[in-house]
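Working notes for the structure below.
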Number of protein chains: 2
Amino acid sequence: MVFSTHDWPIDSGVLRGESSCATLLLQDCILWTPRMPRADKRDDLIDAAIRLFNRHGYHATGVDRLMEETGIAKTTLYRHFDSKEELIVAALVRIDEAARDELRAFVEAASGDPVARILATFGQLDIWLRDKEFKGCPFVAAAAEFGGANDPVFQQVRLHKRLTLAYFEELVRAARTPDPRRVARQIVMLHEGAIAFAQVLGPDGVADDARQAAERLIERRPAD
Amino acid sequence: MVFSTHDWPIDSGVLRGESSCATLLLQDCILWTPRMPRADKRDDLIDAAIRLFNRHGYHATGVDRLMEETGIAKTTLYRHFDSKEELIVAALVRIDEAARDELRAFVEAASGDPVARILATFGQLDIWLRDKEFKGCPFVAAAAEFGGANDPVFQQVRLHKRLTLAYFEELVRAARTPDPRRVARQIVMLHEGAIAFAQVLGPDGVADDARQAAERLIERRPAD
DNA sequence: CAAGAACGATACAGATCGGTAGCGAACAAC
DNA sequence: GTTGTTCGCTACCGATCTGTATCGTTCTTG
């Protein structure tokens with residue numbers, strides 16, 4: 001390890017197939033200076049790792065494939081990361097931050113109505129599910145490929161899910177819904193379920209169905 | 001390939017950590033006859049494959065690990081299956097049949113009330129989520145590790161999800177719920193979401209929350 | 001300009017990957 | 001009992017895996 005953690009810029013849209021800001025800057029600057037500062041290498045590696053891991057899985061993606069994709073030497077990779085596992089964790093950290101930032105941005109852009117803010121999350125979900133690079137939840141895939149509860153990869157997955165769940169609980173509490181913890185868990189389940197569903201059967205109507213289901217869970221019933 | 005497909009006995013409980021009938025018979029008969037008929041070898045291979053693929057993932061499980069686990073020689077494996085991919089597909093086929101049979105059995109055992117039959121599926125889900133060998137949906141994991149829509153593994157995954165969805169739609173139609181196709185999709189999403197949720201955050205209360213959410217989706221509203 | 005860090009290229013290590021060849025032993029069916 | 005098949009065992013193939021060693025070059029910084 002060379003750099004302290006969390007010194008890279010947060011990049012939204014990583015989950016979708018967009019090239020990151022760092023990559024775009026690289027494209028502009030490559031004529032200005034043939035050698036770029038060190039942080040960009042690490043950024044490029046993580047970006048390519050996210051793309052390839054998402055496309056082919058974690059074990060199926062060898063470091064050699066990463067070299068071909070980025071043009072970065074293998075020695076450089078292992079100067080930034082002690083192991084492939086560390087790169088995987090770094091990729092998950094970036095995806096976590098990007099996904100939660102984007103979710104937050106989508107919610108903030110929605111109307112002030114707390115219920116509408118919750119339902120807006122399914123709008124972001126719909127965009128993601130329809131992305132051509134979408135291939136299921138990278139965290140669920142990582143949890144499936146990596147084992148025990150002590151595994152660093154699995155711990156990062158759990159952290160992401162806990163943070164996401166906490167955010168949804170915050171949204172549900174703002175809507176003054178009864179039993180907010182349970183409803184938040186149910187809405188997260190709808191998100192996860194929609195992701196798995198779309199991964200196998202395609203994205204059409206999936207986010208809409210999930211949103212309508214969430215609407216039913218939030219709405220007040222006369223019995224209450 | 002030596003045997004025609006679908007000539008092995010359907011084994012319920014494969015998703016849970018139970019040893020299969022074939023394995024138990026082997027334990028008893030090994031003193032009676034040192035050489036067992038051929039179908040058992042294939043059964044044992046598929047059973048061990050299901051166990052190991054579920055535990056460590058598909059790419060991470062090498063055929064050598066399968067040999068250690070079963071004591072079967074590698075040549076025997078490749079006499080039954082042309083490739084590892086074919087073994088993976090065979091494993092998915094068996095899981096599919098076992099899971100859908102078990103689901104059906106759970107529903108039949110429930111009361112005749114169509115709504116209660118739907119909610120009974122979450123009882124089976126709860127048992128599975130609490131199993132010590134539970135590690136997420138093997139089909140979602142396979143879809144994540146194997147790529148394109150033309151991949152045989154992915155096609156088997158899609159077939160399973162389609163059949164499962166069709167069965168749920170059948171259950172929902174029996175309940176005379178409005179918009180049965182959508183409700184069936186939503187209930188399947190709740191199942192998938194509960195699986196992913198429990199995979200990362202643990203099984204406690206997950207199936208209950210999902211069932212309660214399904215209840216809300218099924219119940220008639222005064223507005224309708 | 002000089003010192004030090006980062007990088008690329010190559011080559012390699014040791015292990016494991018999926019898959020095959022050849023052989024003898026143990027079974028099944030006739 | 002003979003014939004044909006299935007099995008286990010061993011050894012092997014070429015490819016790929018993660019990770020390292022070495023060295024010359026290039027950028028950055030002072």
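Identifiers for the structure tokens are assigned positionally: chains receive A, B, ... in sequence, residues are indexed from 1 per chain, and ligands are indexed from 1 in the order shown.
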List every residue of chain B that DSSP, applied to the backbone of this structure, places in alpha helix (DSSP H), and write the result as a ChimeraX atom specification.
/B:21-29,38-56,63-70,74-80,84-109,114-130,138-145,152-174,180-201,206-218
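Within 9 Å of chain B, chain C contributes the residues DT16, DC17, DG18, DG19, DT20, DA26 and DC27 of chain C, using only C-alpha atoms (C1' of nucleotides).
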Pull all heavy atoms from the residues just selected and write them as a short mmCIF file (atom, residue, chain, number, x, y, z; two decimals), in the first residue's frame.
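Here's the written file out05.cif:
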```cif
data_model
loop_
_atom_site.label_atom_id
_atom_site.label_comp_id
_atom_site.auth_asym_id
_atom_site.auth_seq_id
_atom_site.Cartn_x
_atom_site.Cartn_y
_atom_site.Cartn_z
P DT C 16 -2.27 -25.47 -5.11
OP1 DT C 16 -3.01 -25.19 -3.87
OP2 DT C 16 -1.57 -26.75 -5.30
"O5'" DT C 16 -3.26 -25.27 -6.33
"C5'" DT C 16 -3.83 -23.99 -6.56
"C4'" DT C 16 -4.45 -23.93 -7.94
"O4'" DT C 16 -3.40 -23.97 -8.93
"C3'" DT C 16 -5.35 -25.13 -8.26
"O3'" DT C 16 -6.68 -24.67 -8.44
"C2'" DT C 16 -4.77 -25.72 -9.54
"C1'" DT C 16 -3.94 -24.57 -10.08
N1 DT C 16 -2.81 -25.00 -10.95
C2 DT C 16 -2.79 -24.60 -12.26
O2 DT C 16 -3.64 -23.91 -12.76
N3 DT C 16 -1.70 -25.05 -12.98
C4 DT C 16 -0.67 -25.84 -12.52
O4 DT C 16 0.24 -26.18 -13.26
C5 DT C 16 -0.75 -26.21 -11.14
C7 DT C 16 0.32 -27.07 -10.53
C6 DT C 16 -1.81 -25.79 -10.42
P DC C 17 -7.86 -25.71 -8.72
OP1 DC C 17 -8.98 -25.30 -7.87
OP2 DC C 17 -7.33 -27.09 -8.65
"O5'" DC C 17 -8.23 -25.41 -10.23
"C5'" DC C 17 -8.33 -24.05 -10.65
"C4'" DC C 17 -8.32 -23.96 -12.17
"O4'" DC C 17 -6.96 -24.04 -12.65
"C3'" DC C 17 -9.03 -25.12 -12.86
"O3'" DC C 17 -10.40 -24.83 -12.96
"C2'" DC C 17 -8.35 -25.13 -14.23
"C1'" DC C 17 -6.94 -24.64 -13.93
N1 DC C 17 -5.89 -25.72 -13.91
C2 DC C 17 -5.24 -26.07 -15.10
O2 DC C 17 -5.56 -25.48 -16.15
N3 DC C 17 -4.31 -27.04 -15.07
C4 DC C 17 -4.01 -27.64 -13.92
N4 DC C 17 -3.07 -28.57 -13.93
C5 DC C 17 -4.67 -27.29 -12.69
C6 DC C 17 -5.60 -26.34 -12.75
P DG C 18 -11.43 -26.07 -13.00
OP1 DG C 18 -12.75 -25.49 -12.69
OP2 DG C 18 -10.91 -27.18 -12.20
"O5'" DG C 18 -11.40 -26.50 -14.53
"C5'" DG C 18 -11.70 -25.54 -15.52
"C4'" DG C 18 -11.36 -26.09 -16.89
"O4'" DG C 18 -9.98 -26.48 -16.94
"C3'" DG C 18 -12.17 -27.33 -17.27
"O3'" DG C 18 -12.48 -27.29 -18.67
"C2'" DG C 18 -11.20 -28.48 -16.97
"C1'" DG C 18 -9.86 -27.85 -17.30
N9 DG C 18 -8.75 -28.41 -16.52
C8 DG C 18 -8.70 -28.56 -15.17
N7 DG C 18 -7.59 -29.11 -14.75
C5 DG C 18 -6.86 -29.32 -15.91
C6 DG C 18 -5.58 -29.88 -16.09
O6 DG C 18 -4.80 -30.32 -15.25
N1 DG C 18 -5.22 -29.92 -17.45
C2 DG C 18 -6.01 -29.46 -18.48
N2 DG C 18 -5.52 -29.57 -19.70
N3 DG C 18 -7.21 -28.93 -18.31
C4 DG C 18 -7.57 -28.90 -17.01
P DG C 19 -13.43 -28.51 -19.25
OP1 DG C 19 -14.07 -28.01 -20.48
OP2 DG C 19 -14.23 -29.03 -18.14
"O5'" DG C 19 -12.36 -29.61 -19.71
"C5'" DG C 19 -11.41 -29.29 -20.70
"C4'" DG C 19 -10.44 -30.43 -20.89
"O4'" DG C 19 -9.57 -30.55 -19.74
"C3'" DG C 19 -11.06 -31.82 -21.09
"O3'" DG C 19 -10.78 -32.25 -22.42
"C2'" DG C 19 -10.39 -32.68 -20.03
"C1'" DG C 19 -9.14 -31.88 -19.71
N9 DG C 19 -8.59 -32.17 -18.37
C8 DG C 19 -9.20 -32.00 -17.16
N7 DG C 19 -8.45 -32.35 -16.15
C5 DG C 19 -7.28 -32.79 -16.74
C6 DG C 19 -6.10 -33.30 -16.15
O6 DG C 19 -5.85 -33.48 -14.96
N1 DG C 19 -5.14 -33.62 -17.11
C2 DG C 19 -5.31 -33.49 -18.47
N2 DG C 19 -4.30 -33.86 -19.24
N3 DG C 19 -6.41 -33.01 -19.03
C4 DG C 19 -7.35 -32.69 -18.11
P DT C 20 -11.22 -33.71 -22.90
OP1 DT C 20 -11.58 -33.58 -24.32
OP2 DT C 20 -12.15 -34.30 -21.93
"O5'" DT C 20 -9.85 -34.51 -22.81
"C5'" DT C 20 -8.67 -33.94 -23.38
"C4'" DT C 20 -7.52 -34.92 -23.32
"O4'" DT C 20 -7.02 -34.99 -21.96
"C3'" DT C 20 -7.88 -36.36 -23.72
"O3'" DT C 20 -6.94 -36.82 -24.69
"C2'" DT C 20 -7.79 -37.14 -22.41
"C1'" DT C 20 -6.78 -36.34 -21.62
N1 DT C 20 -6.91 -36.44 -20.15
C2 DT C 20 -5.84 -36.90 -19.42
O2 DT C 20 -4.77 -37.22 -19.92
N3 DT C 20 -6.05 -36.96 -18.06
C4 DT C 20 -7.21 -36.61 -17.39
O4 DT C 20 -7.29 -36.71 -16.17
C5 DT C 20 -8.30 -36.15 -18.21
C7 DT C 20 -9.59 -35.75 -17.58
C6 DT C 20 -8.10 -36.08 -19.54
P DA C 26 -9.49 -56.31 -8.09
OP1 DA C 26 -9.23 -56.12 -6.65
OP2 DA C 26 -9.20 -57.58 -8.76
"O5'" DA C 26 -11.03 -55.98 -8.35
"C5'" DA C 26 -11.52 -54.68 -8.02
"C4'" DA C 26 -12.83 -54.44 -8.75
"O4'" DA C 26 -12.56 -54.33 -10.17
"C3'" DA C 26 -13.86 -55.57 -8.60
"O3'" DA C 26 -15.09 -55.00 -8.16
"C2'" DA C 26 -13.98 -56.17 -9.99
"C1'" DA C 26 -13.60 -54.98 -10.87
N9 DA C 26 -13.07 -55.37 -12.18
C8 DA C 26 -12.04 -56.21 -12.45
N7 DA C 26 -11.77 -56.35 -13.73
C5 DA C 26 -12.70 -55.53 -14.34
C6 DA C 26 -12.94 -55.24 -15.70
N6 DA C 26 -12.25 -55.75 -16.70
N1 DA C 26 -13.95 -54.38 -15.96
C2 DA C 26 -14.66 -53.85 -14.94
N3 DA C 26 -14.50 -54.06 -13.63
C4 DA C 26 -13.50 -54.91 -13.40
P DC C 27 -16.17 -56.02 -7.51
OP1 DC C 27 -16.71 -55.32 -6.34
OP2 DC C 27 -15.56 -57.37 -7.37
"O5'" DC C 27 -17.30 -56.11 -8.63
"C5'" DC C 27 -18.18 -55.01 -8.79
"C4'" DC C 27 -18.54 -54.83 -10.25
"O4'" DC C 27 -17.43 -55.19 -11.09
"C3'" DC C 27 -19.68 -55.69 -10.76
"O3'" DC C 27 -20.92 -55.04 -10.54
"C2'" DC C 27 -19.38 -55.85 -12.25
"C1'" DC C 27 -17.97 -55.30 -12.41
N1 DC C 27 -17.06 -56.16 -13.21
C2 DC C 27 -17.08 -56.03 -14.61
O2 DC C 27 -17.86 -55.20 -15.13
N3 DC C 27 -16.25 -56.80 -15.37
C4 DC C 27 -15.43 -57.66 -14.77
N4 DC C 27 -14.63 -58.40 -15.53
C5 DC C 27 -15.39 -57.81 -13.35
C6 DC C 27 -16.22 -57.04 -12.63
#
```
As a ChimeraX atom specification, could you give me every residue of chain B near chain A (at most 8 Å apart, counting only C-alpha atoms)?
/B:54-60,135-136,140-141,143-147,154,157-158,161-162,182,185-186,188-194,196-197,199-201,209-210,213,216-217
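For chain D, the residues having at least one atom no farther than 8 Å from chain B, when counting only C-alpha atoms (C1' of nucleotides), are DT6, DC7, DG8 and DC9 of chain D.
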Distance query segment 115-129 of chain A at most 7 Å, only C-alpha atoms (C1' of nucleotides), self and fewer than 5 positions along chain excluded, as a PyMOL selection string:
chain A and resi 16+103+106-107+110+134+171+175+195+198+203+207+211
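Note that atom CA of Ala91 of chain A and atom CA of Ile50 of chain A are 5.8 Å apart.
Between atom C1' of DC23 of chain C and atom C1' of DA11 of chain D lies a distance of 11.2 Å.
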